[in-house]
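Right, one structure below, let's go through it.
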Amino acid sequence: MSRAERAVRPGGRTVEHLKSWLIMLPGLVLMAFFVWEPLFESVRMSLYKTRNVELVRFIGLDNFVSVTGKDDFLQALVNTFSYTFWSLLIGFGLPVLLSLLIGETTRGKSFFRTAVYLPNMLPGLAVIILWSAFFSGEKSGVLNILLSRLGIPAQTYLTRADWVIPILIIIATWKGAGSTALIYMAGMAGISPELYEAATIDGATVRQRIFHITLPAIRKLAGTLLILQIISVFQIMYEPMVLTKGGPDNASLSLMQLMWQYAFGGSMNYGKASAVAVIVTLILLAMTAVYSWLNRRESDWD
Amino acid sequence: MKKLSTALCMLLALSLILAACPAAAQDVGLIDAGLTCTITLGNWPSDTAPDAEKALFENYRAIMAVQYPNVTLVPDYYSYTLSNYVPMAKGGTAPSIFQPPFTDPQLLISQHLVGDVTDALEQFGVLDKFSPAYVEMLADENGRIYGLPRDGYVLGMHINIELFREAGLMTEDGLPMYPKTLQELAEYGQIIREKTGKAGLVFPASEAYGGWLFTNIAWNFGCVGENALEYQDEDGRWVCNFTSPQCIAAMEYIRDLRWKYDILNADATTTDWAGAHSLLGTGEAAMNFAADDSVDQPTANKGLPVEDFALVPFPAGEAGRYALAGGTCYMFSPDITPDQAIALMAYLKVLGKLPFLDESIIAGMRADYAAKRDRGAPVLPAISAWTDADYNAAKQAIVEEFSNVDMRLYSDFFGSLDDGSITLKSEEPVFAQQLYRELTAVIQRVITREGADVTKALQKAQDSFQEYLDDEINDY
Amino acid sequence: MKAIRHTGVIREYDLHARPVRIGYGFVIAACVLVTVFALFPILWVCLAGFKDLKEFLSSTSILPSVFDFGIFARTWDQLGIAKNYLNSLISVTGSVVCALIFNGLLGYGLGILKPKGSGVVRKLIMVSLLMPTTISIVPLFMNIQHLRLGNSFVPLWLSYGANAMYVILFTQFFESLPRSIIEASRIDGCDQLQVFFRIVLPLSRPICAVIAIFAVNAAWSDFLLPYLVLRGGERQTVMVRLFVFSTEQTVNADTMMRAVVFSMIPPIILFFIFQKQLTENTVSVGIKG
């Protein structure tokens, strides 16, 4: 903010300040109630032994010790990173590719945009239930029907420990890739046509133009989307809950799902649930910090 | 299953209300004006409950007000869980009557957290009519009774006769040749798989459900008594044992069902209760471990004609013939006085839970059976909690009036309960749901990985569940 | 109407080269393939809805044996889903109103008024954006219970008034507004609230539309907090109902597919009405910033 702006901006006097704060107050109260206080409360609850909604007594880090000492936590932690890995492998490059492809089309461009965006509008829960029929291992499963047309015998999908996470990521990518592609397209639309013209005159091939002009232009955007994607993958919870119930043998159990199980899965142990939540928060904070640190270095180089 | 029984109760409630309203005003007379006390009633329908249910309970209250004008009924919306009940009972704030599942009575009785109603039952003349099958669940070692069953079920096996016929597994009488033992189950399943291409057995190995069914198989392999999956040691600590040779054998049996005999449905690990009934009901699987209270699922709900459906006893194992019996019971606060106990029995009598048939109860049963018959669900006798011959005969007569099935398809199941060839056993006593989850994880492992190490997987589940027991109960 | 021209990486003159023309053919083919992949599952679930349970579990054909629209009507009646639609409508409407007013006012404060100390709030909101909302669902649920707001739409509505993403979108949009207009109206004697409602809001139609569409879609699809808050009650929304079906196994698999179709119809209609706003560049403004 420049000095000049500061001089003319409204609310220069104390009363004005107060009034401005008063205008922001309802929003702030809601943010506090729905976001900040619960986050703070999570930390507090994670340090208590709880029974139902009551905090019984302060027990320090016992919840953390107990939660992290269990096999299912380790499994969920590994799974959550595995979700992230697959999500980056399958879901990160695809939108870029889609945006390059669709961006090149002329006739039907808006149709393609509409088509790939549509899955993103559908309710996530409906999407999971819909796809569960695709991956059914019975002969009536949609994939098995399609495979049988190719003469391939029926397979099972959700019973394979190694497949469930990639399958869930494919579903998530189906839903989300189109809308991400549109964001990239918007980014690419900002590239000046002269750059391409100039490159062409210099004799650059189409491939060279993509690698030297298009992709560098969306690098910063890709960085932002990357971190947003990681955060959203870390939230994965109802998807495995509905599709595989975390199975087989916890192969698709995510950290957030473990949290939900502690809280609402019968034992009502909100203290332990909060401990898991706090751990996830810390991991996310750490990753964000690393990201912004990397980003700063990059900006320095620019 | 809870959902189902709720739905059933609702249906019953609706029919009862239609039948009982006029009766309330005319037929009910004063019984005892001298009995003066206050009872608090758990599980009273909350404001958000369906109107029919609320009206039904108001009607009970009205009847009680006429019969026992000086007994005050205090509605309590309390819904039982073990963890919320224990502190209430210890603090003297438990409601006079509440409804625990069959898993908990023995635990509550042993810790003196429930009230004795033996004398009150005596006073109503029904003590000697209490079914011995339930005595084991609801009485202490001296035969004192602490609870009454609300509703119950016994685990058996559902059969899709169509597939048995297709596989040539029929007797000369035209009845399905169903497996009597777990070994036969594997063999017959294989025949069915070969002849029809369908699954011999649907095994719903998701969440707690797979482990629940597995416990019954484990009992039949001998996981009872000193090899029990769960027991209390001399110091009163709860201990679990999944690594006995019996339990390992039971789990190896499950593994063989998948890898040796290959008779399971394709997606066993994601198949749930409804999914299992769907596969049996639509002819995608021939057998399903399920109880007598869910016979309407494959038939009326999933479309299998009643004549193609049979209910048979749970297959016996090398070391036992157990069938899991479950349900919900009524139990009472440890602080109840003799007067309160009598008032509570009077209340249960109004609810139709004592062996007395009055018009409103008969009308309710008739409406329920008529509805079942119309929907295409088998009309079957309910398993009685009372050995009162007249009472049971009267009920049986009503069942027969509405019968829509060939009872030979059910006679072995019900016969095995009467002649004692099957031993009823309630669920493992503590934290059964968690126990089931742990066992389900093992099942999922052994049926999804061909070379899985059964003993190691069971050991892991045992360690994990033992830690849970220590956390939740031993160190409490 | 613009003439159709190649304005991407491939330019008009590239098409003179044969490899580029072939490559372009592949591009089109790939786009068609992607479109099929995106649309087929949606089409399929509609087709599957025509099957009854036996056909759904046994048939190895994508197409149903009969097209009987009556089966959808019967499921609609049987599930009594009209009531859930009404509940969803109430939930969505309140959520959108809250999303616009509360986040809008907060964005106005952060983007235009900028009172002393608001920088801290800005940072807090940026950090909140990075925290998944479900992460603190346990204490949030407890708070709602403590305030006895269970089984009510109020906490659901208000939760949309606390969305870091919407606040940031508003803030950035407001900052892009020409300050001169705002200054002018201040000099004319309008107080801050009047400026917001008379000047800022009318200028902010595009961002309001985008956030409203986002909020409608999010509120329609949301089910975790609604499930905890509205559990078992009369106020269940369509998505809560669907979630209950999937956890409590009370409906058959074929009925489930029709319920899925019902749950997708409103978002699809919304999409076709607002597809321009959704697929054009407005949306990306906030993310790029």
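Naming scheme: A, B, ... for chains in displayed order of the structure tokens; residues 1 onward per chain; ligands 1 onward as shown.
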Counting only C-alpha atoms, which residues in chain B sit no more than 7 Å from chain A? For each one, give the nearest pair of atoms and the distance in Å, sorted by chain then residue number, as a Markdown table.
| residue | atom | partner | partner_atom | distance |
| --- | --- | --- | --- | --- |
| B:Glu207 | CA | A:Lys245 | CA | 6.7 |
| B:Ala266 | CA | A:Gly137 | CA | 5.4 |
| B:Asp267 | CA | A:Gly137 | CA | 5.5 |
| B:Thr269 | CA | A:Thr159 | CA | 6.0 |
| B:Thr270 | CA | A:Thr244 | CA | 5.7 |
| B:Ala441 | CA | A:Asp249 | CA | 4.5 |
| B:Val442 | CA | A:Asp249 | CA | 6.7 |
| B:Gln444 | CA | A:Asp249 | CA | 5.2 |
| B:Arg445 | CA | A:Asp249 | CA | 5.4 |
| B:Thr448 | CA | A:Thr159 | CA | 6.0 |
Requested write-out: N, CA and C atoms of the selected residues, as a short mmCIF file (atom, residue, chain, number, x, y, z; two decimals), in the first residue's frame:
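What landed in result-v8.cif:
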data_model
loop_
_atom_site.label_atom_id
_atom_site.label_comp_id
_atom_site.auth_asym_id
_atom_site.auth_seq_id
_atom_site.Cartn_x
_atom_site.Cartn_y
_atom_site.Cartn_z
N GLU B 207 -16.40 -53.63 7.16
CA GLU B 207 -16.52 -53.04 8.49
C GLU B 207 -16.67 -54.09 9.58
N ALA B 266 -17.50 -61.88 -5.62
CA ALA B 266 -16.30 -61.19 -6.10
C ALA B 266 -15.82 -60.09 -5.16
N ASP B 267 -16.74 -59.24 -4.72
CA ASP B 267 -16.34 -58.06 -3.95
C ASP B 267 -16.61 -58.23 -2.46
N THR B 269 -15.00 -57.82 0.16
CA THR B 269 -14.54 -56.80 1.13
C THR B 269 -15.36 -55.52 1.11
N THR B 270 -16.15 -55.31 0.07
CA THR B 270 -17.00 -54.11 0.10
C THR B 270 -18.47 -54.48 0.21
N ALA B 441 -10.65 -56.92 9.51
CA ALA B 441 -9.39 -56.55 8.84
C ALA B 441 -8.58 -57.81 8.49
N VAL B 442 -8.56 -58.77 9.41
CA VAL B 442 -7.83 -60.01 9.14
C VAL B 442 -8.49 -60.76 7.99
N GLN B 444 -10.26 -59.55 5.59
CA GLN B 444 -9.99 -58.85 4.34
C GLN B 444 -8.58 -59.18 3.85
N ARG B 445 -7.67 -59.28 4.79
CA ARG B 445 -6.30 -59.58 4.40
C ARG B 445 -6.20 -60.98 3.79
N THR B 448 -7.88 -61.31 0.34
CA THR B 448 -7.40 -60.50 -0.79
C THR B 448 -5.94 -60.80 -1.13
#
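Residues in contact range of Leu106 (chain C), defined as at most 9 Å between only C-alpha atoms, with sequence neighbours fewer than 4 positions away removed, read Ile23, Met24, Leu25, Pro26, Gly27 and Leu28 of chain A; Ile101, Phe102, Leu110, Gly111, Val167, Phe170 and Thr171 of chain C.
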I need the chosen residues saved as a PDB file, in the first residue's frame, with N, CA and C atoms.
ATOM      1  N   ILE A  23     -18.283  -3.177  10.835  1.00  0.00           N
ATOM      2  CA  ILE A  23     -18.803  -3.765   9.597  1.00  0.00           C
ATOM      3  C   ILE A  23     -18.227  -5.154   9.384  1.00  0.00           C
ATOM      4  N   MET A  24     -16.957  -5.298   9.764  1.00  0.00           N
ATOM      5  CA  MET A  24     -16.324  -6.598   9.565  1.00  0.00           C
ATOM      6  C   MET A  24     -16.695  -7.594  10.654  1.00  0.00           C
ATOM      7  N   LEU A  25     -17.249  -7.061  11.743  1.00  0.00           N
ATOM      8  CA  LEU A  25     -17.458  -7.899  12.920  1.00  0.00           C
ATOM      9  C   LEU A  25     -18.274  -9.179  12.655  1.00  0.00           C
ATOM     10  N   PRO A  26     -19.449  -9.061  11.995  1.00  0.00           N
ATOM     11  CA  PRO A  26     -20.227 -10.308  11.803  1.00  0.00           C
ATOM     12  C   PRO A  26     -19.408 -11.387  11.099  1.00  0.00           C
ATOM     13  N   GLY A  27     -18.718 -10.996  10.049  1.00  0.00           N
ATOM     14  CA  GLY A  27     -17.893 -11.958   9.323  1.00  0.00           C
ATOM     15  C   GLY A  27     -16.803 -12.534  10.205  1.00  0.00           C
ATOM     16  N   LEU A  28     -16.201 -11.651  11.017  1.00  0.00           N
ATOM     17  CA  LEU A  28     -15.121 -12.108  11.890  1.00  0.00           C
ATOM     18  C   LEU A  28     -15.638 -13.077  12.945  1.00  0.00           C
TER      19      LEU A  28
ATOM     20  N   ILE C 101     -23.390 -11.954   2.064  1.00  0.00           N
ATOM     21  CA  ILE C 101     -23.401 -10.834   3.017  1.00  0.00           C
ATOM     22  C   ILE C 101     -22.167 -10.839   3.907  1.00  0.00           C
ATOM     23  N   PHE C 102     -21.943 -11.948   4.609  1.00  0.00           N
ATOM     24  CA  PHE C 102     -20.882 -11.930   5.621  1.00  0.00           C
ATOM     25  C   PHE C 102     -19.490 -11.878   4.992  1.00  0.00           C
ATOM     26  N   LEU C 110     -11.635  -5.611   4.390  1.00  0.00           N
ATOM     27  CA  LEU C 110     -10.226  -5.927   4.121  1.00  0.00           C
ATOM     28  C   LEU C 110      -9.734  -5.294   2.826  1.00  0.00           C
ATOM     29  N   GLY C 111     -10.647  -5.150   1.849  1.00  0.00           N
ATOM     30  CA  GLY C 111     -10.214  -4.682   0.540  1.00  0.00           C
ATOM     31  C   GLY C 111     -10.311  -3.189   0.365  1.00  0.00           C
ATOM     32  N   VAL C 167     -13.975 -14.894   1.008  1.00  0.00           N
ATOM     33  CA  VAL C 167     -13.500 -13.605   1.521  1.00  0.00           C
ATOM     34  C   VAL C 167     -12.360 -13.093   0.644  1.00  0.00           C
ATOM     35  N   PHE C 170     -13.632 -11.886  -2.726  1.00  0.00           N
ATOM     36  CA  PHE C 170     -14.259 -10.571  -2.569  1.00  0.00           C
ATOM     37  C   PHE C 170     -13.197  -9.487  -2.399  1.00  0.00           C
ATOM     38  N   THR C 171     -12.251  -9.753  -1.474  1.00  0.00           N
ATOM     39  CA  THR C 171     -11.242  -8.740  -1.170  1.00  0.00           C
ATOM     40  C   THR C 171     -10.495  -8.332  -2.432  1.00  0.00           C
TER      41      THR C 171
END
Set out as a Markdown table a contact list for chain A and chain C with a cut-off of 7 Å, giving each residue of chain A that qualifies its closest atom pair and distance in Å to one decimal, counting only C-alpha atoms, ordered by chain and rising residue number.
| residue | atom | partner | partner_atom | distance |
| --- | --- | --- | --- | --- |
| A:Pro10 | CA | C:Leu113 | CA | 6.1 |
| A:Gly11 | CA | C:Pro115 | CA | 6.3 |
| A:His17 | CA | C:Pro115 | CA | 5.0 |
| A:Ser20 | CA | C:Pro115 | CA | 6.1 |
| A:Trp21 | CA | C:Pro115 | CA | 6.8 |
| A:Ile23 | CA | C:Leu105 | CA | 6.4 |
| A:Met24 | CA | C:Leu106 | CA | 4.7 |
| A:Pro26 | CA | C:Phe102 | CA | 6.4 |
| A:Gly27 | CA | C:Phe102 | CA | 4.8 |
| A:Leu30 | CA | C:Ala162 | CA | 5.3 |
| A:Met31 | CA | C:Ala162 | CA | 4.6 |
| A:Phe34 | CA | C:Ser159 | CA | 6.2 |
| A:Pro38 | CA | C:Pro139 | CA | 5.2 |
| A:Leu39 | CA | C:Ser136 | CA | 5.4 |
| A:Glu41 | CA | C:Pro139 | CA | 6.2 |
| A:Ser42 | CA | C:Pro139 | CA | 6.1 |
| A:Val53 | CA | C:Met142 | CA | 6.6 |
| A:Leu101 | CA | C:Val27 | CA | 5.7 |
| A:Ile102 | CA | C:Cys31 | CA | 6.5 |
| A:Gly103 | CA | C:Gly8 | CA | 5.9 |
| A:Glu104 | CA | C:Gly8 | CA | 5.2 |
| A:Thr105 | CA | C:Ile28 | CA | 6.7 |
| A:Thr106 | CA | C:Ile4 | CA | 6.1 |
| A:Arg107 | CA | C:Ile4 | CA | 7.0 |
| A:Phe112 | CA | C:Thr35 | CA | 6.4 |
| A:Arg113 | CA | C:Thr279 | CA | 6.7 |
| A:Thr114 | CA | C:Thr279 | CA | 6.7 |
| A:Ala115 | CA | C:Thr35 | CA | 5.8 |
| A:Val116 | CA | C:Ala38 | CA | 5.8 |
| A:Pro119 | CA | C:Ala38 | CA | 6.7 |
| A:Met121 | CA | C:Pro267 | CA | 6.0 |
| A:Leu122 | CA | C:Met264 | CA | 5.9 |
| A:Pro123 | CA | C:Ser221 | CA | 4.5 |
| A:Gly124 | CA | C:Ser221 | CA | 6.7 |
| A:Ala126 | CA | C:Val260 | CA | 5.3 |
| A:Leu130 | CA | C:Val45 | CA | 6.6 |
| A:Lys139 | CA | C:Thr60 | CA | 6.4 |
| A:Ser140 | CA | C:Thr60 | CA | 4.9 |
| A:Ile145 | CA | C:Thr60 | CA | 5.6 |
| A:Trp174 | CA | C:Ala38 | CA | 6.8 |
| A:Leu182 | CA | C:Thr279 | CA | 6.7 |
| A:Ile183 | CA | C:Ser284 | CA | 5.3 |
| A:Ala186 | CA | C:Asn281 | CA | 5.4 |
| A:Tyr196 | CA | C:Val9 | CA | 6.8 |
| A:Val206 | CA | C:Ile10 | CA | 6.4 |
| A:Arg209 | CA | C:Val9 | CA | 6.7 |
| A:Ile210 | CA | C:Val9 | CA | 6.7 |
| A:Leu221 | CA | C:Lys288 | CA | 6.0 |
| A:Ile231 | CA | C:Leu130 | CA | 6.9 |
| A:Gln235 | CA | C:Pro132 | CA | 6.3 |
| A:Val242 | CA | C:Ser246 | CA | 6.9 |
| A:Ala263 | CA | C:Val138 | CA | 6.9 |
| A:Tyr270 | CA | C:Val138 | CA | 6.9 |
| A:Ala277 | CA | C:Ile135 | CA | 5.6 |
Dump C-alpha atoms for the selected residues as a CSV table (one decimal), in the first residue's frame?
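File selection-v4.csv, as written:
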chain,number,residue,atom,x,y,z
A,10,PRO,CA,-11.6,6.2,4.4
A,11,GLY,CA,-11.4,5.5,8.0
A,17,HIS,CA,-11.7,2.6,12.2
A,20,SER,CA,-15.0,-0.3,9.8
A,21,TRP,CA,-14.3,-3.0,12.4
A,23,ILE,CA,-18.8,-3.8,9.6
A,24,MET,CA,-16.3,-6.6,9.6
A,26,PRO,CA,-20.2,-10.3,11.8
A,27,GLY,CA,-17.9,-12.0,9.3
A,30,LEU,CA,-18.4,-16.3,12.0
A,31,MET,CA,-14.8,-17.0,11.0
A,34,PHE,CA,-16.5,-21.9,12.4
A,38,PRO,CA,-12.5,-25.0,16.4
A,39,LEU,CA,-8.9,-25.2,15.2
A,41,GLU,CA,-10.2,-26.1,20.4
A,42,SER,CA,-8.8,-29.1,18.5
A,53,VAL,CA,-18.5,-34.0,24.8
A,101,LEU,CA,-5.3,-29.8,-26.0
A,102,ILE,CA,-8.6,-27.9,-25.6
A,103,GLY,CA,-6.7,-24.6,-26.1
A,104,GLU,CA,-5.7,-25.7,-29.5
A,105,THR,CA,-9.1,-26.6,-30.7
A,106,THR,CA,-11.1,-24.1,-32.7
A,107,ARG,CA,-14.5,-25.5,-33.6
A,112,PHE,CA,-15.1,-29.4,-24.9
A,113,ARG,CA,-14.7,-26.9,-22.1
A,114,THR,CA,-18.3,-27.5,-21.0
A,115,ALA,CA,-18.0,-31.2,-21.2
A,116,VAL,CA,-14.8,-31.5,-19.1
A,119,PRO,CA,-18.2,-33.6,-13.7
A,121,MET,CA,-20.4,-29.7,-10.7
A,122,LEU,CA,-21.7,-33.0,-9.5
A,123,PRO,CA,-21.9,-33.7,-5.8
A,124,GLY,CA,-18.8,-35.6,-4.7
A,126,ALA,CA,-23.0,-38.9,-5.9
A,130,LEU,CA,-21.8,-43.7,-9.3
A,139,LYS,CA,-19.9,-59.5,-14.1
A,140,SER,CA,-22.5,-56.7,-14.0
A,145,ILE,CA,-19.0,-55.2,-19.0
A,174,TRP,CA,-12.4,-37.4,-13.3
A,182,LEU,CA,-10.0,-24.3,-17.3
A,183,ILE,CA,-7.9,-22.4,-14.8
A,186,ALA,CA,-7.2,-18.8,-18.4
A,196,TYR,CA,4.4,-17.2,-30.3
A,206,VAL,CA,5.3,-26.3,-32.0
A,209,ARG,CA,6.9,-23.2,-28.3
A,210,ILE,CA,5.0,-25.3,-25.7
A,221,LEU,CA,0.0,-20.8,-11.4
A,231,ILE,CA,-4.2,-29.8,0.7
A,235,GLN,CA,-8.7,-34.0,3.2
A,242,VAL,CA,-18.1,-44.6,1.1
A,263,ALA,CA,-15.0,-39.3,16.7
A,270,TYR,CA,-13.0,-36.8,20.6
A,277,ALA,CA,-6.6,-33.6,13.3
Per-residue nearest contacts chain B to chain C, cut-off 8 Å, using only C-alpha atoms, as a Markdown table:
| residue | atom | partner | partner_atom | distance |
| --- | --- | --- | --- | --- |
| B:Lys3 | CA | C:Glu248 | CA | 7.4 |
| B:Thr48 | CA | C:Gly233 | CA | 6.6 |
| B:Asp272 | CA | C:Gln249 | CA | 7.9 |
| B:Trp273 | CA | C:Gln249 | CA | 7.3 |
| B:Ala274 | CA | C:Gln249 | CA | 5.6 |
| B:Gly275 | CA | C:Ala253 | CA | 7.9 |
| B:Ser278 | CA | C:Asn252 | CA | 7.5 |
| B:Leu279 | CA | C:Leu57 | CA | 7.5 |
| B:Thr282 | CA | C:Lys54 | CA | 5.1 |
| B:Glu284 | CA | C:Ser58 | CA | 7.2 |
| B:Asn301 | CA | C:Asn252 | CA | 7.9 |
| B:Lys302 | CA | C:Leu53 | CA | 6.9 |
| B:Gly303 | CA | C:Lys54 | CA | 7.7 |
Output N, CA and C atoms of each residue in that selection to a file, as a CSV table (one decimal), in the first residue's frame.
chain,number,residue,atom,x,y,z
B,3,LYS,N,-31.8,-50.8,12.1
B,3,LYS,CA,-32.7,-50.0,11.3
B,3,LYS,C,-33.9,-50.8,11.0
B,48,THR,N,-38.7,-35.7,18.1
B,48,THR,CA,-38.6,-35.8,16.6
B,48,THR,C,-39.0,-37.2,16.1
B,272,ASP,N,-21.8,-55.2,2.0
B,272,ASP,CA,-22.3,-55.0,3.3
B,272,ASP,C,-23.6,-55.8,3.5
B,273,TRP,N,-24.3,-55.6,4.6
B,273,TRP,CA,-25.4,-56.4,5.0
B,273,TRP,C,-26.5,-56.4,3.8
B,274,ALA,N,-26.8,-55.2,3.4
B,274,ALA,CA,-27.8,-55.1,2.3
B,274,ALA,C,-27.3,-55.7,1.0
B,275,GLY,N,-26.0,-55.5,0.8
B,275,GLY,CA,-25.4,-56.1,-0.5
B,275,GLY,C,-25.5,-57.6,-0.5
B,278,SER,N,-28.9,-58.6,-1.2
B,278,SER,CA,-29.2,-58.4,-2.7
B,278,SER,C,-28.7,-59.5,-3.5
B,279,LEU,N,-27.4,-59.9,-3.3
B,279,LEU,CA,-26.8,-61.0,-4.1
B,279,LEU,C,-27.6,-62.3,-4.0
B,282,THR,N,-31.1,-61.8,-5.7
B,282,THR,CA,-31.2,-61.7,-7.1
B,282,THR,C,-30.5,-62.9,-7.8
B,284,GLU,N,-27.5,-64.1,-7.4
B,284,GLU,CA,-26.0,-64.1,-7.7
B,284,GLU,C,-25.2,-64.9,-6.7
B,301,ASN,N,-37.8,-57.5,-0.1
B,301,ASN,CA,-37.0,-56.3,-0.5
B,301,ASN,C,-36.2,-56.5,-1.8
B,302,LYS,N,-35.7,-57.7,-2.0
B,302,LYS,CA,-34.8,-57.9,-3.2
B,302,LYS,C,-35.4,-58.7,-4.2
B,303,GLY,N,-36.6,-59.2,-4.0
B,303,GLY,CA,-37.4,-59.8,-5.1
B,303,GLY,C,-37.3,-61.3,-5.3
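Omitting Trp259 (chain B) and its sequence neighbours fewer than 5 positions away, and counting only C-alpha atoms, the residues within 10 Å are B:Tyr253, B:Ile254, B:Leu264, B:Val446, B:Ile447, B:Thr448, B:Arg449, B:Glu450, B:Gly451.
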Residue subset to file, keeping C-alpha atoms, as a PDB file, in the first residue's frame:
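See result33.pdb below for the written result:
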ATOM      1  CA  TYR B 253     -11.194 -71.975   6.698  1.00  0.00           C
ATOM      2  CA  ILE B 254     -12.177 -68.492   5.511  1.00  0.00           C
ATOM      3  CA  LEU B 264     -17.095 -66.334  -2.351  1.00  0.00           C
ATOM      4  CA  VAL B 446      -6.590 -63.334   3.982  1.00  0.00           C
ATOM      5  CA  ILE B 447      -9.174 -63.182   1.228  1.00  0.00           C
ATOM      6  CA  THR B 448      -7.397 -60.502  -0.785  1.00  0.00           C
ATOM      7  CA  ARG B 449      -3.817 -61.794  -0.543  1.00  0.00           C
ATOM      8  CA  GLU B 450      -3.318 -65.366  -1.497  1.00  0.00           C
ATOM      9  CA  GLY B 451      -0.172 -65.942   0.511  1.00  0.00           C
TER      10      GLY B 451
END
As JSON, numbers by chain, please: every residue in region 21-113 of chain A that DSSP puts in strand (DSSP E). {"A": [48, 49, 50, 51, 54, 55, 56, 57, 58]}
Nearest to Val239 (chain B), chosen from B:Val454, B:Val350, B:Ile191, B:Leu435, with only C-alpha atoms counted in the distances: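 For Val239 (chain B), the nearest of the given residues is B:Leu435.
Between CA of Leu424 (chain B) and CA of Gly156 (chain B) there is a distance of 10.9 Å.
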C:Ala17, C:Ile199, C:Ile273, C:Val66: which is nearest Ala184 (chain C), counting only C-alpha atoms?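 Closest to Ala184 (chain C) of all the choices is C:Ile199.
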Name the residues in contact with Arg241 (chain C) at a cut-off of 9 Å, using only C-alpha atoms, excluding same-chain residues fewer than 3 positions from it; report them as a list of chain:residue names.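 After dropping sequence-adjacent residues, the list is C:Ile81, C:Asn84, C:Phe223, C:Tyr227, C:Gln236, C:Thr237, C:Val238, C:Val244, C:Phe245, C:Ser246.
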Write out the residues from the selection above, keeping C-alpha atoms, as a compact mmCIF listing (two decimals), in the first residue's frame.
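Output (again.txt):
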# COMPACT_ATOMS: atom_id res chain seq x y z
CA ILE C 81 -37.41 -37.16 -1.78
CA ASN C 84 -35.45 -33.46 0.91
CA PHE C 223 -23.21 -33.50 3.62
CA TYR C 227 -25.26 -35.02 8.45
CA GLN C 236 -32.37 -33.93 6.03
CA THR C 237 -31.20 -32.55 2.71
CA VAL C 238 -30.90 -34.60 -0.46
CA VAL C 244 -27.58 -42.07 5.11
CA PHE C 245 -28.60 -44.49 2.36
CA SER C 246 -24.99 -45.38 1.76
List every residue of region 215-330 of chain B that has an atom at most 12 Å from any atom of region 410-413 of chain B, giving for each one its closest atom pair and the distance in Å to one decimal, counting only C-alpha atoms, sorted by chain and then by ascending residue number, as a tab-separated table.
residue	atom	partner	partner_atom	distance
B:Ala290	CA	B:Phe413	CA	11.9
B:Ala291	CA	B:Phe413	CA	10.3
B:Asp292	CA	B:Phe413	CA	8.9
B:Val295	CA	B:Tyr410	CA	10.8
B:Val306	CA	B:Tyr410	CA	11.6
B:Glu307	CA	B:Tyr410	CA	11.4
B:Phe309	CA	B:Tyr410	CA	9.4
B:Ala310	CA	B:Tyr410	CA	6.2
B:Leu311	CA	B:Tyr410	CA	5.3
B:Val312	CA	B:Phe413	CA	4.8
B:Pro313	CA	B:Phe413	CA	4.6
B:Phe314	CA	B:Phe413	CA	8.3
B:Pro315	CA	B:Phe413	CA	10.7
B:Ala323	CA	B:Phe413	CA	10.4
Just-selected residues, C-alpha atoms written as a compact mmCIF listing (two decimals), in the first residue's frame:
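The resulting file, out36.txt, is reproduced below:
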# COMPACT_ATOMS: atom_id res chain seq x y z
CA ALA B 290 -28.17 -64.32 8.10
CA ALA B 291 -30.76 -64.36 10.82
CA ASP B 292 -34.45 -65.17 11.07
CA VAL B 295 -35.97 -63.10 5.98
CA VAL B 306 -40.85 -66.89 -1.07
CA GLU B 307 -41.08 -70.38 -2.55
CA PHE B 309 -36.20 -69.16 -0.22
CA ALA B 310 -35.26 -71.30 2.77
CA LEU B 311 -33.84 -70.62 6.21
CA VAL B 312 -31.59 -73.35 7.62
CA PRO B 313 -29.48 -73.72 10.76
CA PHE B 314 -25.99 -72.28 10.95
CA PRO B 315 -23.60 -75.03 9.73
CA ALA B 323 -25.70 -70.07 16.60
Do you know which residues are at most 9 Å from Pro100 (chain B) counting only C-alpha atoms, after dropping those on the same chain fewer than 5 positions away, and could you put them as a list in words?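 The contact residues come out as Ser79, Tyr80, Thr81, Leu82, Pro105, Gly327, Thr328, Cys329, Tyr330 and Met331 of chain B.
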What separation in Å, quoted to one decimal, exists between CA of Pro202 (chain C) and CA of Phe173 (chain C)? 12.7 Å
Met256 (chain A): which residues within 8 Å, counting only C-alpha atoms, same-chain residues fewer than 2 positions away excluded, as a list in words? Phe234, Gln235, Ile236, Met237, Ser254, Leu258, Met259, Trp260, Val276, Ala277 and Val280 of chain A; Ile135 of chain C
